[in-house]
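Content type mmCIF, C-alpha atoms, from the file my_file.cif:
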```
data_query
#
loop_
_atom_site.group_PDB
_atom_site.id
_atom_site.type_symbol
_atom_site.label_atom_id
_atom_site.label_comp_id
_atom_site.auth_asym_id
_atom_site.auth_seq_id
_atom_site.Cartn_x
_atom_site.Cartn_y
_atom_site.Cartn_z
ATOM 1 C CA MET U 1 -20.816 -37.079 -107.385
ATOM 2 C CA THR U 2 -17.704 -36.165 -105.471
ATOM 3 C CA SER U 3 -16.097 -38.440 -102.936
ATOM 4 C CA LYS U 4 -15.580 -37.706 -99.247
ATOM 5 C CA LEU U 5 -11.873 -37.318 -99.930
ATOM 6 C CA ALA U 6 -12.517 -34.697 -102.637
ATOM 7 C CA ARG U 7 -14.847 -32.774 -100.320
ATOM 8 C CA PHE U 8 -12.241 -32.939 -97.552
ATOM 9 C CA CYS U 9 -9.581 -31.627 -99.940
ATOM 10 C CA ASP U 10 -11.894 -28.798 -101.032
ATOM 11 C CA ALA U 11 -12.461 -27.895 -97.382
ATOM 12 C CA LEU U 12 -8.722 -28.044 -96.694
ATOM 13 C CA ILE U 13 -7.999 -25.750 -99.637
ATOM 14 C CA GLU U 14 -10.591 -23.238 -98.451
ATOM 15 C CA ALA U 15 -9.253 -23.445 -94.906
ATOM 16 C CA GLY U 16 -5.800 -22.818 -96.359
ATOM 17 C CA TRP U 17 -6.650 -19.558 -98.064
ATOM 18 C CA LEU U 18 -8.594 -18.400 -95.020
ATOM 19 C CA ALA U 19 -5.671 -19.345 -92.771
ATOM 20 C CA ALA U 20 -3.300 -17.464 -95.055
ATOM 21 C CA LEU U 21 -5.521 -14.385 -94.900
ATOM 22 C CA ILE U 22 -5.703 -14.511 -91.120
ATOM 23 C CA THR U 23 -2.345 -15.815 -89.884
ATOM 24 C CA VAL U 24 0.132 -14.170 -92.232
ATOM 25 C CA PRO U 25 -0.851 -10.546 -91.491
ATOM 26 C CA LEU U 26 -1.171 -11.251 -87.765
ATOM 27 C CA PHE U 27 1.998 -13.351 -87.388
ATOM 28 C CA PHE U 28 4.648 -11.562 -85.391
ATOM 29 C CA ASN U 29 7.599 -13.320 -83.768
ATOM 30 C CA VAL U 30 9.386 -11.099 -81.272
ATOM 31 C CA TYR U 31 12.030 -13.778 -80.623
ATOM 32 C CA SER U 32 13.237 -13.829 -84.212
ATOM 33 C CA SER U 33 16.159 -11.749 -85.403
ATOM 34 C CA ARG U 34 14.185 -11.081 -88.593
ATOM 35 C CA VAL U 35 10.885 -9.953 -87.147
ATOM 36 C CA PHE U 36 8.558 -9.368 -90.089
ATOM 37 C CA GLU U 37 8.933 -10.581 -93.630
ATOM 38 C CA PRO U 38 10.835 -13.921 -93.620
ATOM 39 C CA ASP U 39 8.774 -15.396 -90.809
ATOM 40 C CA LYS U 40 5.509 -14.428 -92.482
ATOM 41 C CA ILE U 41 6.675 -15.858 -95.808
ATOM 42 C CA SER U 42 7.662 -19.131 -94.134
ATOM 43 C CA VAL U 43 4.162 -19.428 -92.667
ATOM 44 C CA LEU U 44 2.622 -18.607 -96.042
ATOM 45 C CA ARG U 45 4.788 -21.175 -97.843
ATOM 46 C CA ALA U 46 3.804 -23.889 -95.363
ATOM 47 C CA ILE U 47 0.106 -23.118 -95.824
ATOM 48 C CA VAL U 48 0.442 -23.112 -99.614
ATOM 49 C CA PHE U 49 2.302 -26.444 -99.609
ATOM 50 C CA VAL U 50 -0.575 -27.997 -97.652
ATOM 51 C CA MET U 51 -3.083 -26.484 -100.078
ATOM 52 C CA VAL U 52 -1.185 -27.749 -103.129
ATOM 53 C CA GLY U 53 -0.884 -31.173 -101.492
ATOM 54 C CA ALA U 54 -4.653 -31.272 -100.976
ATOM 55 C CA TRP U 55 -5.175 -30.259 -104.597
ATOM 56 C CA LEU U 56 -2.843 -33.047 -105.780
ATOM 57 C CA VAL U 57 -4.678 -35.613 -103.641
ATOM 58 C CA LYS U 58 -7.964 -34.393 -105.102
ATOM 59 C CA GLN U 59 -6.620 -34.742 -108.650
ATOM 60 C CA VAL U 60 -5.362 -38.283 -108.007
ATOM 61 C CA ASP U 61 -8.716 -39.170 -106.458
ATOM 62 C CA SER U 62 -10.590 -37.820 -109.487
ATOM 63 C CA LEU U 63 -8.365 -39.847 -111.836
ATOM 64 C CA ALA U 64 -9.029 -43.005 -109.837
ATOM 65 C CA ARG U 65 -12.808 -42.574 -109.965
ATOM 66 C CA PRO U 66 -14.624 -43.177 -113.217
ATOM 67 C CA THR U 67 -16.864 -40.288 -114.186
ATOM 68 C CA ARG U 68 -19.483 -39.960 -116.852
ATOM 69 C CA ALA U 69 -18.176 -37.507 -119.390
ATOM 70 C CA LYS U 70 -14.782 -35.907 -118.983
ATOM 71 C CA ARG U 71 -13.949 -32.983 -121.207
ATOM 72 C CA PRO U 72 -10.687 -33.213 -123.125
ATOM 73 C CA LEU U 73 -7.751 -31.449 -121.534
ATOM 74 C CA ARG U 74 -7.350 -29.194 -124.568
ATOM 75 C CA GLU U 75 -10.925 -27.927 -124.182
ATOM 76 C CA GLN U 76 -10.395 -27.283 -120.476
ATOM 77 C CA ALA U 77 -7.200 -25.328 -121.239
ATOM 78 C CA ARG U 78 -8.958 -23.158 -123.823
ATOM 79 C CA GLU U 79 -11.734 -22.414 -121.354
ATOM 80 C CA ALA U 80 -9.253 -21.530 -118.606
ATOM 81 C CA ILE U 81 -7.298 -19.140 -120.855
ATOM 82 C CA ARG U 82 -10.484 -17.147 -121.485
ATOM 83 C CA ILE U 83 -10.742 -16.259 -117.788
ATOM 84 C CA PRO U 84 -9.357 -12.766 -117.125
ATOM 85 C CA LEU U 85 -5.885 -12.663 -115.540
ATOM 86 C CA VAL U 86 -5.098 -16.348 -116.238
ATOM 87 C CA LEU U 87 -2.999 -15.728 -119.340
ATOM 88 C CA PRO U 88 -1.096 -12.744 -117.835
ATOM 89 C CA THR U 89 -0.449 -14.787 -114.694
ATOM 90 C CA LEU U 90 0.880 -17.716 -116.718
ATOM 91 C CA LEU U 91 3.108 -15.336 -118.668
ATOM 92 C CA LEU U 92 4.370 -13.937 -115.357
ATOM 93 C CA VAL U 93 5.226 -17.474 -114.211
ATOM 94 C CA VAL U 94 7.160 -18.083 -117.428
ATOM 95 C CA ALA U 95 9.015 -14.784 -117.037
ATOM 96 C CA TYR U 96 9.927 -15.592 -113.423
ATOM 97 C CA LEU U 97 11.167 -19.069 -114.333
ATOM 98 C CA ILE U 98 13.248 -17.794 -117.259
ATOM 99 C CA SER U 99 14.774 -15.027 -115.162
ATOM 100 C CA THR U 100 15.536 -17.509 -112.376
ATOM 101 C CA ILE U 101 17.228 -19.954 -114.737
ATOM 102 C CA PHE U 102 19.408 -17.267 -116.305
ATOM 103 C CA SER U 103 20.098 -15.424 -113.057
ATOM 104 C CA VAL U 104 23.620 -14.781 -111.821
ATOM 105 C CA VAL U 105 22.825 -16.821 -108.697
ATOM 106 C CA PRO U 106 19.847 -19.068 -109.551
ATOM 107 C CA ARG U 107 19.662 -20.600 -106.066
ATOM 108 C CA ILE U 108 19.140 -17.252 -104.369
ATOM 109 C CA SER U 109 16.852 -16.130 -107.159
ATOM 110 C CA PHE U 110 14.639 -19.172 -106.570
ATOM 111 C CA TRP U 111 14.667 -19.361 -102.747
ATOM 112 C CA GLY U 112 15.111 -15.657 -102.008
ATOM 113 C CA SER U 113 17.779 -13.992 -99.923
ATOM 114 C CA TYR U 114 18.281 -14.747 -96.256
ATOM 115 C CA GLN U 115 17.023 -11.315 -95.256
ATOM 116 C CA ARG U 116 13.726 -11.275 -97.163
ATOM 117 C CA LEU U 117 12.954 -14.691 -98.778
ATOM 118 C CA GLN U 118 11.308 -12.880 -101.706
ATOM 119 C CA GLY U 119 12.309 -15.261 -104.473
ATOM 120 C CA THR U 120 10.596 -17.120 -107.264
ATOM 121 C CA LEU U 121 9.251 -19.720 -104.836
ATOM 122 C CA THR U 122 7.401 -17.055 -102.858
ATOM 123 C CA THR U 123 5.926 -15.592 -106.022
ATOM 124 C CA LEU U 124 4.857 -19.069 -107.124
ATOM 125 C CA CYS U 125 3.157 -19.487 -103.728
ATOM 126 C CA TYR U 126 1.187 -16.280 -104.290
ATOM 127 C CA ILE U 127 0.220 -17.492 -107.753
ATOM 128 C CA ALA U 128 -0.760 -20.921 -106.408
ATOM 129 C CA ILE U 129 -3.162 -19.250 -103.974
ATOM 130 C CA PHE U 130 -4.595 -17.256 -106.883
ATOM 131 C CA PHE U 131 -5.219 -20.368 -108.988
ATOM 132 C CA LEU U 132 -6.578 -22.419 -106.086
ATOM 133 C CA MET U 133 -9.006 -19.649 -105.192
ATOM 134 C CA LEU U 134 -9.941 -19.272 -108.847
ATOM 135 C CA GLY U 135 -10.770 -22.960 -109.066
ATOM 136 C CA HIS U 136 -12.484 -23.430 -105.714
ATOM 137 C CA LEU U 137 -14.217 -20.159 -104.807
ATOM 138 C CA ARG U 138 -17.679 -20.956 -106.144
ATOM 139 C CA ARG U 139 -20.380 -20.309 -103.551
ATOM 140 C CA PRO U 140 -21.566 -17.016 -102.019
ATOM 141 C CA ALA U 141 -20.958 -18.450 -98.542
ATOM 142 C CA GLN U 142 -17.285 -18.896 -99.384
ATOM 143 C CA LEU U 143 -17.047 -15.310 -100.574
ATOM 144 C CA ARG U 144 -18.714 -14.101 -97.354
ATOM 145 C CA ARG U 145 -16.194 -16.081 -95.271
ATOM 146 C CA LEU U 146 -13.403 -14.532 -97.316
ATOM 147 C CA PHE U 147 -14.726 -11.004 -96.706
ATOM 148 C CA TYR U 148 -15.234 -11.674 -92.983
ATOM 149 C CA ALA U 149 -11.679 -12.982 -92.685
ATOM 150 C CA VAL U 150 -10.247 -9.902 -94.378
ATOM 151 C CA ILE U 151 -12.329 -7.471 -92.318
ATOM 152 C CA LEU U 152 -11.804 -9.169 -88.960
ATOM 153 C CA THR U 153 -8.074 -9.545 -89.557
ATOM 154 C CA SER U 154 -7.719 -5.869 -90.420
ATOM 155 C CA VAL U 155 -9.192 -4.751 -87.075
ATOM 156 C CA PRO U 156 -6.275 -5.763 -84.776
ATOM 157 C CA ILE U 157 -3.746 -4.703 -87.407
ATOM 158 C CA SER U 158 -5.228 -1.223 -87.663
ATOM 159 C CA LEU U 159 -5.432 -0.868 -83.877
#
```

Structure translated into structure tokens:
Amino acid sequence: MTSKLARFCDALIEAGWLAALITVPLFFNVYSSRVFEPDKISVLRAIVFVMVGAWLVKQVDSLARPTRAKRPLREQAREAIRIPLVLPTLLLVVAYLISTIFSVVPRISFWGSYQRLQGTLTTLCYIAIFFLMLGHLRRPAQLRRLFYAVILTSVPISL
């Protein structure tokens, strides 16, 4: 049985990916000197940090609560690797981290340039959303909400 805190964290994670799907494409700041990309990425990073924080709280809560039978971590890792796109995504993370470490300017490679903010941190945010959705998107109602968010957000953008 999950605790109220774990259910709240699950709801916060789902609200995070829905908020990212809705707010990032629609966000437009006319008062910014950099109108599109950096502002959208800043919003996305903030949403992802909240989602990752909720996931961490959920993990700490699950460690604090005794459960019946926990599977060994090695078994969980083997099961996760069998899921399509998990291994290629993990290899992409390793490649990004290696290229950032050995970059000419590692700070800019990690944070991204001032003009675009497309650095390793932004890519890790995209990957964090992927893994959080992979771990928490379980019910058909969640998938319907995801589809509705995508469709309804595309209407004002296409107009």

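Proximity of U:Ser99, U:Asn29, U:Gln76, U:Thr2 to Leu63 in chain U, computed with all atoms listed in the file, is greatest for U:Thr2.
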
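One finds CA of Ile13 in chain U at 15.1 Å from CA of Asp61 in chain U.
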
Could you tell me which residues the PyMOL selection byres ((chain U and resi 40-55) around 9) returns for this structure, as a ChimeraX atom specification?
/U:6,8-10,12-17,19-20,23-28,35-39,56-60,116-118,121-122,125-126,128-129,132

Can you measure CA of Ile22 in chain U to CA of Val150 in chain U for me? One decimal in Å is fine.
7.2 Å

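Atom pair CA of Ala95 in chain U / CA of Phe130 in chain U: separated by 17.2 Å.
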
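Across U:Ser62, U:Lys4, U:Leu90, U:Leu18, the tightest approach to Phe147 in chain U is made by U:Leu18 when counting all atoms listed in the file.
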
Give me, as a PyMOL selection string, all polymer residues having an atom no more than 12 Å from Leu97 in chain U, counting only C-alpha atoms and skipping those fewer than 6 positions away in the same chain.
chain U and resi 90-91+103+106-107+109-110+119-121+123-124

Selected residue of minimal separation from Phe131 in chain U among U:Tyr31, U:Ile151, U:Ala80, U:Arg65, counting only C-alpha atoms:
U:Ala80

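Proximity of U:Ser154, U:Val30, U:Leu134, U:Ala64 to Leu5 in chain U, computed with all atoms listed in the file, is greatest for U:Ala64.
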
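Comparing the minimum interatomic distances between Leu146 in chain U and each of U:Arg82, U:Ser158, U:Arg74, U:Met133, counting only C-alpha atoms, we find that U:Met133 sits nearest.
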